[in-house]
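The file run.tsv contains TSV, C-alpha atoms:
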chain	number	residue	atom	x	y	z
A	1	MET	CA	-53.62	-10.48	14.25
A	2	ASP	CA	-54.56	-14.11	14.61
A	3	PRO	CA	-52.18	-16.24	12.48
A	4	SER	CA	-54.70	-19.10	12.44
A	5	ALA	CA	-56.96	-16.97	10.20
A	6	ALA	CA	-54.67	-17.76	7.24
A	7	GLY	CA	-56.53	-19.82	4.64
A	8	MET	CA	-59.99	-18.73	5.76
A	9	THR	CA	-62.60	-18.04	3.09
A	10	PHE	CA	-65.80	-16.02	3.45
A	11	PRO	CA	-69.32	-15.94	2.00
A	12	PRO	CA	-69.52	-14.33	-1.46
A	13	TYR	CA	-71.11	-10.92	-1.79
A	14	GLU	CA	-72.63	-9.21	-4.80
A	15	PHE	CA	-72.66	-5.57	-5.88
A	16	PRO	CA	-73.57	-3.59	-8.99
A	17	VAL	CA	-70.98	-1.46	-10.81
A	18	GLU	CA	-73.00	1.67	-11.43
A	19	ARG	CA	-72.31	4.27	-14.10
A	20	GLY	CA	-72.70	7.10	-11.55
A	21	LYS	CA	-70.13	5.51	-9.22
A	22	ILE	CA	-67.63	5.17	-12.09
A	23	ARG	CA	-67.99	8.83	-12.99
A	24	GLU	CA	-67.79	9.92	-9.34
A	25	PHE	CA	-64.62	7.86	-8.87
A	26	ALA	CA	-63.03	9.19	-12.08
A	27	ASP	CA	-63.84	12.74	-10.96
A	28	ALA	CA	-62.25	12.08	-7.55
A	29	ILE	CA	-58.96	10.98	-9.14
A	30	GLY	CA	-59.11	13.91	-11.55
A	31	ASP	CA	-59.33	11.72	-14.65
A	32	PRO	CA	-61.35	13.42	-17.45
A	33	ASN	CA	-61.20	10.36	-19.76
A	34	PRO	CA	-64.56	10.09	-21.67
A	35	ILE	CA	-64.42	6.26	-21.38
A	36	TYR	CA	-65.57	6.75	-17.75
A	37	ARG	CA	-68.48	9.11	-18.49
A	38	ASP	CA	-69.57	9.46	-22.13
A	39	PRO	CA	-71.88	6.62	-23.28
A	40	ALA	CA	-71.53	7.48	-27.00
A	41	HIS	CA	-67.71	7.57	-26.82
A	42	ALA	CA	-67.71	4.36	-24.78
A	43	ALA	CA	-70.09	2.57	-27.15
A	44	ALA	CA	-67.76	3.31	-30.08
A	45	SER	CA	-64.63	2.17	-28.17
A	46	PRO	CA	-63.22	-1.39	-28.17
A	47	SER	CA	-64.78	-2.04	-24.75
A	48	GLY	CA	-68.23	-1.16	-26.09
A	49	GLY	CA	-69.28	0.47	-22.83
A	50	ILE	CA	-68.30	2.66	-19.92
A	51	LEU	CA	-65.26	1.06	-18.27
A	52	ALA	CA	-64.37	0.74	-14.60
A	53	PRO	CA	-61.10	2.58	-13.85
A	54	PRO	CA	-58.18	0.29	-12.87
A	55	THR	CA	-58.30	1.02	-9.12
A	56	LEU	CA	-62.10	1.23	-8.73
A	57	LEU	CA	-62.69	-2.12	-7.06
A	58	ARG	CA	-60.74	-1.19	-3.91
A	59	THR	CA	-63.88	0.86	-3.27
A	60	PHE	CA	-65.94	-2.28	-2.75
A	61	LEU	CA	-63.56	-3.92	-0.28
A	62	TYR	CA	-64.54	-1.99	2.86
A	63	GLU	CA	-67.83	-3.89	3.32
A	64	PRO	CA	-68.55	-6.57	4.31
A	65	ARG	CA	-65.88	-6.73	6.98
A	66	ALA	CA	-65.87	-10.50	7.57
A	67	ALA	CA	-62.31	-11.02	6.28
A	68	ALA	CA	-60.94	-7.95	8.07
A	69	ASP	CA	-62.71	-8.96	11.28
A	70	ALA	CA	-61.29	-12.48	11.06
A	71	LEU	CA	-57.78	-11.00	11.39
A	72	GLN	CA	-58.78	-10.08	14.98
A	73	VAL	CA	-56.91	-6.78	14.96
A	74	LYS	CA	-56.86	-5.24	18.45
A	75	ASP	CA	-56.35	-1.63	17.33
A	76	TRP	CA	-56.70	-0.59	13.68
A	77	SER	CA	-54.58	2.53	14.28
A	78	TYR	CA	-51.59	0.14	14.26
A	79	ILE	CA	-52.50	-1.16	10.81
A	80	VAL	CA	-50.83	0.16	7.66
A	81	HIS	CA	-51.99	-0.61	4.12
A	82	GLY	CA	-48.64	-1.70	2.72
A	83	GLU	CA	-49.47	-2.81	-0.79
A	84	GLN	CA	-52.40	-3.15	-3.19
A	85	GLU	CA	-52.32	-5.34	-6.27
A	86	PHE	CA	-54.84	-5.90	-9.07
A	87	GLU	CA	-54.87	-8.54	-11.81
A	88	TYR	CA	-57.13	-7.75	-14.76
A	89	TYR	CA	-58.69	-10.66	-16.66
A	90	ALA	CA	-61.61	-9.03	-18.50
A	91	PRO	CA	-63.07	-5.53	-18.75
A	92	ILE	CA	-65.61	-4.44	-16.13
A	93	LEU	CA	-68.39	-2.29	-17.61
A	94	ALA	CA	-71.01	-0.04	-16.08
A	95	GLY	CA	-74.09	-2.20	-15.43
A	96	ASP	CA	-72.12	-5.33	-14.54
A	97	VAL	CA	-73.03	-7.13	-11.35
A	98	LEU	CA	-69.97	-8.59	-9.64
A	99	THR	CA	-69.65	-11.35	-7.08
A	100	ALA	CA	-66.66	-11.05	-4.75
A	101	ARG	CA	-65.03	-13.81	-2.73
A	102	ASP	CA	-62.50	-12.98	0.00
A	103	ARG	CA	-59.73	-15.27	1.17
A	104	ILE	CA	-56.99	-14.65	3.71
A	105	VAL	CA	-53.95	-15.87	1.78
A	106	SER	CA	-51.33	-15.61	4.50
A	107	ILE	CA	-50.35	-14.04	7.80
A	108	THR	CA	-46.60	-13.84	8.36
A	109	GLU	CA	-44.25	-12.16	10.82
A	110	LYS	CA	-41.18	-10.02	10.31
A	111	GLU	CA	-38.85	-7.91	12.49
A	112	SER	CA	-38.51	-4.23	11.61
A	113	ARG	CA	-35.96	-1.90	13.22
A	114	ARG	CA	-38.30	1.08	12.79
A	115	ALA	CA	-41.65	-0.42	13.71
A	116	GLY	CA	-40.92	-3.46	15.92
A	117	LYS	CA	-42.47	-6.86	15.23
A	118	LEU	CA	-44.62	-6.78	12.11
A	119	GLN	CA	-47.47	-9.07	11.18
A	120	ILE	CA	-48.30	-9.06	7.50
A	121	ALA	CA	-51.68	-10.24	6.22
A	122	VAL	CA	-52.61	-10.69	2.56
A	123	ILE	CA	-56.33	-10.71	1.71
A	124	GLU	CA	-57.27	-11.74	-1.82
A	125	THR	CA	-60.62	-10.95	-3.41
A	126	THR	CA	-61.68	-12.65	-6.64
A	127	PHE	CA	-64.39	-10.95	-8.71
A	128	HIS	CA	-66.67	-12.69	-11.22
A	129	ASN	CA	-69.26	-10.94	-13.38
A	130	GLN	CA	-72.91	-11.84	-14.00
A	131	ARG	CA	-71.83	-14.30	-16.75
A	132	GLY	CA	-69.53	-16.14	-14.34
A	133	GLU	CA	-66.34	-14.77	-15.97
A	134	LYS	CA	-63.42	-14.03	-13.67
A	135	VAL	CA	-62.77	-10.33	-14.27
A	136	GLN	CA	-60.35	-9.25	-11.58
A	137	VAL	CA	-58.35	-10.30	-8.54
A	138	ALA	CA	-57.40	-7.76	-5.89
A	139	ARG	CA	-54.81	-8.40	-3.17
A	140	ARG	CA	-54.29	-6.06	-0.26
A	141	THR	CA	-51.43	-6.33	2.17
A	142	LEU	CA	-52.14	-5.12	5.69
A	143	VAL	CA	-49.25	-4.64	8.10
A	144	GLU	CA	-49.70	-4.55	11.86
A	145	THR	CA	-46.86	-2.61	13.41
A	146	GLY	CA	-45.46	-3.02	16.91
A	147	LYS	CA	-46.10	0.67	17.50
A	148	ARG	CA	-48.31	3.37	16.07
A	149	ILE	CA	-46.76	4.86	12.92
A	150	SER	CA	-46.73	8.64	12.86
A	151	GLU	CA	-44.41	11.45	11.84
B	1	MET	CA	-52.63	7.56	-30.19
B	2	HIS	CA	-51.09	4.99	-27.88
B	3	PRO	CA	-47.66	3.45	-28.54
B	4	SER	CA	-47.47	0.06	-30.24
B	5	PHE	CA	-45.64	-2.92	-28.75
B	6	HIS	CA	-42.90	-2.57	-31.38
B	7	SER	CA	-42.44	1.17	-30.87
B	8	LEU	CA	-41.75	0.90	-27.12
B	9	GLN	CA	-38.32	0.11	-25.70
B	10	ALA	CA	-36.99	-0.30	-22.16
B	11	GLY	CA	-36.54	3.15	-20.64
B	12	ASP	CA	-39.31	4.80	-22.68
B	13	ALA	CA	-41.50	7.06	-20.57
B	14	PRO	CA	-44.68	9.13	-20.93
B	15	PRO	CA	-44.80	12.82	-20.04
B	16	PRO	CA	-45.08	13.11	-16.23
B	17	LEU	CA	-48.53	13.73	-14.71
B	18	VAL	CA	-48.44	16.53	-12.12
B	19	CYS	CA	-51.24	16.61	-9.51
B	20	GLY	CA	-51.68	19.42	-7.05
B	21	PRO	CA	-51.19	21.44	-4.96
B	22	LEU	CA	-53.62	19.00	-3.33
B	23	THR	CA	-56.43	20.17	-1.09
B	24	ARG	CA	-58.38	18.70	1.81
B	25	THR	CA	-61.43	18.93	-0.45
B	26	GLN	CA	-59.79	16.50	-2.90
B	27	PHE	CA	-59.16	14.05	-0.04
B	28	VAL	CA	-62.80	14.32	1.07
B	29	ARG	CA	-64.02	13.85	-2.48
B	30	TYR	CA	-61.94	10.69	-2.80
B	31	ALA	CA	-63.20	9.48	0.59
B	32	GLY	CA	-66.79	9.72	-0.65
B	33	ALA	CA	-66.05	8.17	-4.04
B	34	SER	CA	-63.92	5.32	-2.67
B	35	HIS	CA	-65.69	4.64	0.65
B	36	ASP	CA	-62.38	5.13	2.50
B	37	PHE	CA	-63.62	6.78	5.69
B	38	ASN	CA	-60.49	6.39	7.77
B	39	PRO	CA	-60.78	9.65	9.78
B	40	ASN	CA	-57.05	10.36	9.35
B	41	HIS	CA	-57.94	11.41	5.79
B	42	HIS	CA	-60.79	13.85	6.53
B	43	ASP	CA	-60.96	14.72	10.25
B	44	GLU	CA	-58.17	17.16	11.15
B	45	VAL	CA	-58.96	16.97	14.90
B	46	TYR	CA	-58.72	13.16	14.89
B	47	ALA	CA	-55.61	13.15	12.68
B	48	GLN	CA	-53.76	15.60	14.95
B	49	ALA	CA	-54.83	13.75	18.12
B	50	SER	CA	-53.30	10.64	16.47
B	51	GLY	CA	-49.95	12.44	16.11
B	52	ASN	CA	-50.24	13.67	12.52
B	53	LYS	CA	-49.55	17.29	11.56
B	54	ALA	CA	-52.77	17.33	9.47
B	55	VAL	CA	-55.04	15.01	7.55
B	56	PHE	CA	-53.11	13.10	4.91
B	57	GLY	CA	-54.06	11.75	1.51
B	58	MET	CA	-55.07	8.17	0.79
B	59	GLY	CA	-52.38	6.04	-0.79
B	60	MET	CA	-55.00	4.78	-3.23
B	61	LEU	CA	-55.65	8.37	-4.37
B	62	ALA	CA	-52.00	8.58	-5.41
B	63	GLY	CA	-52.50	5.09	-6.89
B	64	GLY	CA	-55.42	6.43	-8.92
B	65	TYR	CA	-53.24	9.22	-10.28
B	66	CYS	CA	-50.56	6.74	-11.36
B	67	ALA	CA	-53.17	4.42	-12.92
B	68	ARG	CA	-54.40	7.40	-14.93
B	69	LEU	CA	-50.85	8.10	-16.11
B	70	LEU	CA	-50.63	4.49	-17.32
B	71	THR	CA	-54.03	4.34	-19.08
B	72	ASP	CA	-53.49	7.75	-20.73
B	73	TRP	CA	-50.15	6.44	-22.01
B	74	LEU	CA	-50.90	2.79	-22.88
B	75	GLY	CA	-54.64	2.86	-23.56
B	76	ASP	CA	-57.94	2.10	-21.84
B	77	GLY	CA	-58.26	-1.55	-20.89
B	78	SER	CA	-54.59	-2.30	-21.61
B	79	LEU	CA	-53.57	-3.11	-18.02
B	80	ARG	CA	-53.22	-6.76	-17.03
B	81	ARG	CA	-51.68	-6.21	-13.60
B	82	LEU	CA	-51.03	-3.25	-11.31
B	83	ARG	CA	-49.18	-3.30	-7.99
B	84	ILE	CA	-48.95	-0.27	-5.75
B	85	ARG	CA	-46.60	-0.08	-2.75
B	86	PHE	CA	-47.24	2.65	-0.23
B	87	ALA	CA	-44.02	4.32	0.89
B	88	SER	CA	-44.82	7.62	2.56
B	89	ARG	CA	-47.61	10.07	3.31
B	90	PHE	CA	-48.69	13.17	1.46
B	91	TRP	CA	-50.32	16.26	2.84
B	92	PRO	CA	-52.56	19.16	1.84
B	93	GLY	CA	-50.49	21.51	-0.31
B	94	ASP	CA	-48.24	18.76	-1.70
B	95	VAL	CA	-47.67	18.43	-5.43
B	96	LEU	CA	-47.33	14.84	-6.66
B	97	THR	CA	-45.49	14.06	-9.87
B	98	CYS	CA	-46.29	10.66	-11.39
B	99	THR	CA	-43.79	9.06	-13.76
B	100	ALA	CA	-43.42	5.67	-15.40
B	101	GLN	CA	-41.01	3.84	-17.64
B	102	VAL	CA	-40.84	0.62	-19.59
B	103	THR	CA	-38.71	-2.06	-17.92
B	104	GLU	CA	-39.27	-5.09	-20.16
B	105	LYS	CA	-41.15	-6.53	-23.16
B	106	ARG	CA	-42.33	-10.09	-23.64
B	107	GLU	CA	-44.90	-12.23	-25.42
B	108	GLU	CA	-46.98	-14.53	-23.29
B	109	GLY	CA	-50.30	-16.33	-23.73
B	110	GLY	CA	-50.78	-14.80	-27.18
B	111	GLU	CA	-50.42	-11.25	-25.84
B	112	ARG	CA	-47.66	-8.71	-26.34
B	113	LEU	CA	-46.85	-7.45	-22.88
B	114	ILE	CA	-44.76	-4.62	-21.58
B	115	GLY	CA	-43.68	-4.32	-17.98
B	116	CYS	CA	-43.21	-0.91	-16.46
B	117	GLU	CA	-42.47	0.67	-13.13
B	118	PHE	CA	-43.99	3.86	-11.84
B	119	SER	CA	-43.88	6.21	-8.89
B	120	ALA	CA	-45.42	9.33	-7.44
B	121	VAL	CA	-43.01	11.70	-5.68
B	122	ASN	CA	-43.74	14.90	-3.77
B	123	GLN	CA	-42.26	18.36	-4.40
B	124	ASN	CA	-39.16	17.39	-2.36
B	125	GLY	CA	-38.51	14.27	-4.41
B	126	GLU	CA	-39.70	11.96	-1.63
B	127	VAL	CA	-41.34	8.78	-2.96
B	128	ILE	CA	-45.00	8.56	-1.89
B	129	ILE	CA	-45.91	5.39	-3.77
B	130	ARG	CA	-44.08	3.15	-6.19
B	131	GLY	CA	-45.23	0.19	-8.16
B	132	ASP	CA	-45.11	-1.90	-11.26
B	133	ALA	CA	-47.58	-2.81	-13.96
B	134	THR	CA	-48.05	-5.07	-16.95
B	135	ALA	CA	-49.99	-3.96	-20.03
B	136	ALA	CA	-50.99	-5.72	-23.24
B	137	LEU	CA	-50.38	-3.69	-26.42
B	138	GLN	CA	-51.20	-3.97	-30.10
B	139	LEU	CA	-48.44	-4.70	-32.61
Show the structure stored in the file as structure tokens.
Amino acid sequence: MDPSAAGMTFPPYEFPVERGKIREFADAIGDPNPIYRDPAHAAASPSGGILAPPTLLRTFLYEPRAAADALQVKDWSYIVHGEQEFEYYAPILAGDVLTARDRIVSITEKESRRAGKLQIAVIETTFHNQRGEKVQVARRTLVETGKRISE
Amino acid sequence: MHPSFHSLQAGDAPPPLVCGPLTRTQFVRYAGASHDFNPNHHDEVYAQASGNKAVFGMGMLAGGYCARLLTDWLGDGSLRRLRIRFASRFWPGDVLTCTAQVTEKREEGGERLIGCEFSAVNQNGEVIIRGDATAALQL
């Protein structure tokens, strides 16, 4: 990874949070909660609408790849997703249109007995909704290991 | 009914959520839903050529299971923060057990917050993911 990428910011990107995607995601994690699929139940709940599950937004972080590309990783098979963090500021409902902004927070180095020299990158994405409200911040920690990690 | 802020104490825990035995189909379903197309999670030939005994599950799938445990317990929309740390892999046939417990209570910014820690372990007791979360509760 290129340590000089720390601090870089990237062009915002926009995406809709669709009701079908929420249901598909809830099904994939085996969560039968009606708040993710039943409009009548959701309308009568405090949120007033179908809610995004807590880990949904990781789904929208694979594209675009500008922030990931800026890390200048030579071989992604040496990269481990070490940690994922979410901060929740306001509910995200089906039908919302979110704008995401990526920032490379830091790139640091560490020695590991098991995996050699590690480089640790933290990418932060801030999400605002169509009313300009900050709804969520996601932080993913990517670790480049000195050797390929396998069993 | 979800617990109130006053009713919860450090050490309180919800009933564990048991997921599995997990199948390759569940991994593929999560790949499609989450856009995680790392071939190690769906392409057995690729995964084995990369030194893995089989495809393995996405850490965020286990994270989704633990998030469900928390929202079932504390209520929809109650989470203020969630941090997931990926510790080990899980494989087709594994059974993951998700547990959580309250670690602290505090009031901050007009909200009544509880802190908790959680983990998902496999059938041998090996930790697959661990993490911590903050949730806002009603009195």
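If you take only C-alpha atoms and a cut-off of 7 Å, the residues of chain A that reach chain B are Glu24, Phe25, Ala28, Ile29, Asp31, Pro54, Thr55, Thr59, Gly82, Glu83, Gln84, Glu85, Phe86, Glu87, Tyr88, Tyr89, Pro91, Ser150 and Glu151 of chain A.
Nearest to A:Leu56 of all the residues A:Arg113, A:Asp2, A:Gln136, A:Gly146 is A:Gln136, counting all atoms listed in the file.
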*Grab the atom CA of A:Asn33 to atom CA of A:Pro16 distance for me, in Å with one decimal place.*
21.5 Å
_Residues near B:Phe90, anyone? I mean within 10 Å using only C-alpha atoms, not counting same-chain ones fewer than 3 positions away, as a PyMOL selection string._
chain B and resi 22+54-59+62+93-96+121-122+126-129
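Here atom CA of A:Tyr78 stands at a distance of 11.4 Å from atom CA of A:Gly116.
When only C-alpha atoms are used to measure the gap to B:Val18, the shortest distance among A:Gly48, A:Pro12, A:Gly30, A:Gly7 belongs to A:Gly30.
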_as a list in words, please: the residues near A:Pro32 (cut-off 10 Å, only C-alpha atoms, same-chain neighbours under 5 positions excluded)._
Arg23, Ala26, Asp27 and Arg37 of chain A; Arg68 of chain B
Using all atoms listed in the file, can you list as an mmCIF file with C-alpha atoms, keeping the file's coordinate frame the residues within 12 Å of (-63.3, -9.5, 1.0)?
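New file out_36.cif:
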data_model
loop_
_atom_site.group_PDB
_atom_site.id
_atom_site.type_symbol
_atom_site.label_atom_id
_atom_site.label_comp_id
_atom_site.auth_asym_id
_atom_site.auth_seq_id
_atom_site.Cartn_x
_atom_site.Cartn_y
_atom_site.Cartn_z
ATOM 1 C CA MET A 8 -59.990 -18.730 5.760
ATOM 2 C CA THR A 9 -62.600 -18.040 3.090
ATOM 3 C CA PHE A 10 -65.800 -16.020 3.450
ATOM 4 C CA PRO A 11 -69.320 -15.940 2.000
ATOM 5 C CA PRO A 12 -69.520 -14.330 -1.460
ATOM 6 C CA TYR A 13 -71.110 -10.920 -1.790
ATOM 7 C CA GLU A 14 -72.630 -9.210 -4.800
ATOM 8 C CA LEU A 57 -62.690 -2.120 -7.060
ATOM 9 C CA ARG A 58 -60.740 -1.190 -3.910
ATOM 10 C CA THR A 59 -63.880 0.860 -3.270
ATOM 11 C CA PHE A 60 -65.940 -2.280 -2.750
ATOM 12 C CA LEU A 61 -63.560 -3.920 -0.280
ATOM 13 C CA TYR A 62 -64.540 -1.990 2.860
ATOM 14 C CA GLU A 63 -67.830 -3.890 3.320
ATOM 15 C CA PRO A 64 -68.550 -6.570 4.310
ATOM 16 C CA ARG A 65 -65.880 -6.730 6.980
ATOM 17 C CA ALA A 66 -65.870 -10.500 7.570
ATOM 18 C CA ALA A 67 -62.310 -11.020 6.280
ATOM 19 C CA ALA A 68 -60.940 -7.950 8.070
ATOM 20 C CA ASP A 69 -62.710 -8.960 11.280
ATOM 21 C CA ALA A 70 -61.290 -12.480 11.060
ATOM 22 C CA LEU A 71 -57.780 -11.000 11.390
ATOM 23 C CA THR A 99 -69.650 -11.350 -7.080
ATOM 24 C CA ALA A 100 -66.660 -11.050 -4.750
ATOM 25 C CA ARG A 101 -65.030 -13.810 -2.730
ATOM 26 C CA ASP A 102 -62.500 -12.980 0.000
ATOM 27 C CA ARG A 103 -59.730 -15.270 1.170
ATOM 28 C CA ILE A 104 -56.990 -14.650 3.710
ATOM 29 C CA VAL A 105 -53.950 -15.870 1.780
ATOM 30 C CA VAL A 122 -52.610 -10.690 2.560
ATOM 31 C CA ILE A 123 -56.330 -10.710 1.710
ATOM 32 C CA GLU A 124 -57.270 -11.740 -1.820
ATOM 33 C CA THR A 125 -60.620 -10.950 -3.410
ATOM 34 C CA THR A 126 -61.680 -12.650 -6.640
ATOM 35 C CA PHE A 127 -64.390 -10.950 -8.710
ATOM 36 C CA VAL A 137 -58.350 -10.300 -8.540
ATOM 37 C CA ALA A 138 -57.400 -7.760 -5.890
ATOM 38 C CA ARG A 139 -54.810 -8.400 -3.170
ATOM 39 C CA ARG A 140 -54.290 -6.060 -0.260
#
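Atom CA of A:Met1 to atom CA of B:Pro39 spans 21.8 Å [interatomic distance, one decimal].
The closest residue to A:Arg131, picked from A:Ala44, A:His81, A:Leu98, A:Ile35 and counting all atoms listed in the file, is A:Leu98.
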Select from stretch 3-68 of chain B every residue with an atom at most 8 Å from any atom of stretch 99-113 of chain B, then for each give the shortest pair of atoms and their distance in Å to one decimal, using only C-alpha atoms, rows by chain and rising number, as JSON lines.
{"residue": "B:Phe5", "atom": "CA", "partner": "B:Arg112", "partner_atom": "CA", "distance": 6.6}
{"residue": "B:Leu8", "atom": "CA", "partner": "B:Val102", "partner_atom": "CA", "distance": 7.6}
{"residue": "B:Gln9", "atom": "CA", "partner": "B:Val102", "partner_atom": "CA", "distance": 6.6}
{"residue": "B:Ala10", "atom": "CA", "partner": "B:Val102", "partner_atom": "CA", "distance": 4.7}
{"residue": "B:Gly11", "atom": "CA", "partner": "B:Val102", "partner_atom": "CA", "distance": 5.1}
{"residue": "B:Asp12", "atom": "CA", "partner": "B:Gln101", "partner_atom": "CA", "distance": 5.4}
{"residue": "B:Ala13", "atom": "CA", "partner": "B:Gln101", "partner_atom": "CA", "distance": 4.4}
{"residue": "B:Pro14", "atom": "CA", "partner": "B:Ala100", "partner_atom": "CA", "distance": 6.6}
{"residue": "B:Pro15", "atom": "CA", "partner": "B:Thr99", "partner_atom": "CA", "distance": 7.4}
{"residue": "B:Pro16", "atom": "CA", "partner": "B:Thr99", "partner_atom": "CA", "distance": 4.9}
{"residue": "B:Leu17", "atom": "CA", "partner": "B:Thr99", "partner_atom": "CA", "distance": 6.7}
{"residue": "B:Cys66", "atom": "CA", "partner": "B:Thr99", "partner_atom": "CA", "distance": 7.5}
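Considering only C-alpha atoms, the residue among A:Val143, A:Val135, A:Ala121, A:Val80 positioned nearest to A:Asp96 is A:Val135.
Within the 8 Å cut-off around B:Ser4, using all atoms listed in the file and omitting residues fewer than 5 positions from it on the same chain, the listed residues are B:Leu137, B:Gln138, B:Leu139.
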Filtering to C-alpha atoms, could you give me those residues as a PDB file, keeping the file's coordinate frame?
ATOM      1  CA  LEU B 137     -50.380  -3.690 -26.420  1.00  0.00           C
ATOM      2  CA  GLN B 138     -51.200  -3.970 -30.100  1.00  0.00           C
ATOM      3  CA  LEU B 139     -48.440  -4.700 -32.610  1.00  0.00           C
TER       4      LEU B 139
END
_When you look at A:Ala52 with a cut-off of 8 Å (counting all atoms listed in the file), what residues show up, excluding the ones that are within fewer than 2 positions of it in the same chain? I need them as a PyMOL selection string._
chain A and resi 17+22+36+50+54+56+91-94
